[in-house]
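Visitor: Below is a structure I'd like to ask you about.
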Amino acid sequence: AAEAAGGGGGKKGAAGKQTEGWAKDDEVTQCFLTGVKFTLVQRKHHCRYCGQIVCADVSKKTAKVPGRGVSEAVRVCDVCYEQLERGDPVCIAKQVAKLRSESETARQQAAKELANWASMDPQFADKGIVHAFEALRAPELLTELLQTATPDTQAGVAKLLSAMLGYDEYRELLHEERELLDAILALVRSGGTESKVSAMSALASLTASKSGRSEVRRAKGLVIVLDVLLNTSHEPLQEATCLVLANLCEDPTGDWKQLQQNGAVFSVAHMLGSASASLQEAALTLLAMLCSHKECREQAADSGVATSLTPLLGSTKPDVQRAALALAQQLCAFGRAADALLEAGAASPPPGVLLS
């Protein structure tokens, strides 16, 4: 049996410590951290912080655990020891245990907790925390959940991945999980609306790096993302899709040509009529990048973009106005588009005014 009586349900251990939430001794056959199987020789030990059952090799340290009602240092696993030393706000092992559970509610709660931490605290990228996720085999777990969990859990996991992929350290870690990108793209292709938005946001984070963009191209991801752009009217999904495509257009490849040939300019131009400032900015940014090419400027002129662009040049949102000016600068290199802007009431922006 695990030392200190390890059942759940609020029972007391031999030293009177609260064990509520601990992994149940009779349900665990292998170490939570290493996967080693327990035997009469390889004994079970509960970590007093995360409550998981681990082997002696990874639970030799002691630390003071806040909120346990005891002042002395107690036995904890290696991952939790490092977390307690740093003062991390979230117990990683406890959340990963929830992600490994059969409860979809617990999985969703854990994904949300970790995503909130990742999105708000740069300490999330500390090398010790990255190592903890690696030690807990989180990349494989997240991939499996994207493939097999319920839509709500898939959306939560994709949102967590979006936050994680915002850090170079996690892009490197997750790059090693070969099936992860395929799982994200599968969700973009056929998931529910919220799952698609979260998965597309994860792609936006991934394609912020050149290596991430190369991965997406190798996986034929541009075709999938373009198909979403051309067929969705859901504004949060449109916004995330524009971000991905703008990232892909950063590189000197033929991606822009594929967008132009499939009529993406017309679809994106239509988004400028949205009341969402963030969608306006994303669409303007993508159009400005596309309209650095003559063929796209011609399509933009044919789409009547000048009518939608002109009021955005006077937007009270600085980011929207900046993006609108960048697009206007590109259009002014094409006579017909420049004339359309003037006819719509926009003055041709003088040199030196546009923001770089």
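Ligands are numbered from 1 in the order shown, residues from 1 within each chain, and chains are lettered A, B, ... in the order they appear in the structure tokens.
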Just want the 10 Å neighbourhood of region 160-175 of chain A, counted on only C-alpha atoms, with same-chain residues fewer than 5 positions away dropped. Output as number ranges by chain.
Guide: A: 110-120, 122, 124-127, 130-131, 133-134, 138-140, 142-143, 154-155, 180-181, 184, 198-209, 211-212, 215
Visitor: Please identify all polymer residues within 8 Å of region 270-286 of chain A, counting only C-alpha atoms, omitting same-chain residues fewer than 4 positions from it, and present them as a count of residues only.
Guide: 20
Visitor: For Arg86 (chain A), which of A:Ser233, A:Gln108, A:Ser195, A:Gln123 is the closest residue, counting only C-alpha atoms?
Guide: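 Among the listed residues, A:Gln123 lies closest to Arg86 (chain A).
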Visitor: Could you give me the residues within region 17-196 of chain A that DSSP places in helix (DSSP H, G or I), as a VMD selection string?
Guide: chain A and resid 25 to 27 56 to 58 78 to 86 92 to 100 104 to 120 122 to 125 127 to 135 138 to 148 151 to 164 168 to 175 178 to 190 193 to 196
Visitor: Contacts of Ile53 (chain A) at 7 Å or less, counting only C-alpha atoms, minus same-chain residues fewer than 6 places along, as a PyMOL selection string?
Guide: chain A and resi 23+31-32+44-47
